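K.L.:
Sharing a structure with you now.
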Amino acid sequence: AIHYWRPDLHMMVVHAGRDIAKGEEICICYGPSAFYETEGRRDYIRNKYFFHCICEMCQEGNTKGGDDRMAKIRAFHENISLEMFTRPEKVKEEVENCLHLLQEQRIGHRKGHCVAPVLHYGFQACMKLNNISLACSYLERELVSIRSSQGDDSYKALDIQNMLAKMKAC
């Protein structure tokens, strides 16, 4: 979704990238994509948007291991590009570990913007290892994630569909 403030109307205007079902929750992610722990996210939001976040994840903090998971997810993203070229077989394992952490953190099931890049790393690693069937599997999962967050007709969803069609034609 694209959202912006309309000062003349004194309201936020949101344009959805896909259909929204009646009663479906609409969320806006204010946080950085760097997978900070609670204090890092809250500092970022406080400095940029001038409010103290009390979302479920920020309220939980590390009482159930959330901050520890976020640190591991951030480390995954920081280290993955180097490992992609030096140890692609390790990347596959790390991708699955990261997806598990995202699921435990409750940001792995419906937030395509968090899950899709991880799945794409899995796709890239499998392509590097010449494991086309597993690469297709990661790409199909990425497509589901992108469709849920950006819509069926989004540029990224259409691009992935084309890639899958080309791969399956070979």
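In the structure tokens, chains take letters A, B, ... by order of appearance, with residues numbered from 1 within each chain and ligands from 1 in the order shown.
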Just the residues within 8 Å of stretch 112-128 of chain A, please, counting only C-alpha atoms, with nothing from its chain fewer than 2 positions along; format it as a PyMOL selection string.

P.N.:
chain A and resi 33+80+84+88-89+91-92+95+98-99+102+107-110+130-132+134-139+141-143+145-150

K.L.:
Within 8 Å of A:Phe35, counting only C-alpha atoms, which residues show up once you throw out same-chain ones fewer than 3 positions away? Write them as a compact mmCIF listing (two decimals) with C-alpha atoms, in the first residue's frame, please.

P.N.:
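Okay, result.txt is ready:
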# COMPACT_ATOMS: atom_id res chain seq x y z
CA PRO A 32 12.97 -0.03 9.92
CA ARG A 41 12.75 -0.06 16.85
CA MET A 70 15.33 -10.28 15.87
CA ALA A 71 19.09 -10.15 16.48
CA ILE A 73 17.32 -12.45 11.84
CA ARG A 74 19.36 -9.24 11.47

K.L.:
Do a neighbour search on stretch 45-53 of chain A at 12 Å with only C-alpha atoms, toss out local chain neighbours closer than 5 positions, and write the hits as a list in words.

P.N.:
Cys29, Tyr30, Gly31, Pro32, Ser33, Tyr36, Thr38, Glu39, Gly40, Cys58, Gln59, Glu60 and Gly61 of chain A

K.L.:
Tell me which of A:Lys166, A:Tyr44, A:Gly17, A:Glu104 sits closest to A:Asp153, counting only C-alpha atoms.

P.N.:
A:Gly17

K.L.:
Mind checking DSSP for chain A and telling me the helix (DSSP H, G or I) residues as a PyMOL selection string?

P.N.:
chain A and resi 38-49+56-60+66-86+88-104+112-128+132-150+155-169

K.L.:
For each of A:Asp152, A:Glu37, A:Asp68, A:Glu94, take the minimum atom-to-atom distance to A:Arg18, counting only C-alpha atoms, then give the residue where this is smallest.

P.N.:
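Using only C-alpha atoms, the shortest distance to A:Arg18 belongs to A:Asp152.
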
K.L.:
Could you state the separation of atom CA of A:Arg106 and atom CA of A:Met57 in Å, given to one decimal place?

P.N.:
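For atom CA of A:Arg106 relative to atom CA of A:Met57, the distance reads 8.6 Å.
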
K.L.:
State, in Å with one decimal place, the distance from atom CA of A:Lys156 to atom CA of A:Glu140.

P.N.:
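Atom CA of A:Glu140 lies at a distance of 12.5 Å from atom CA of A:Lys156.
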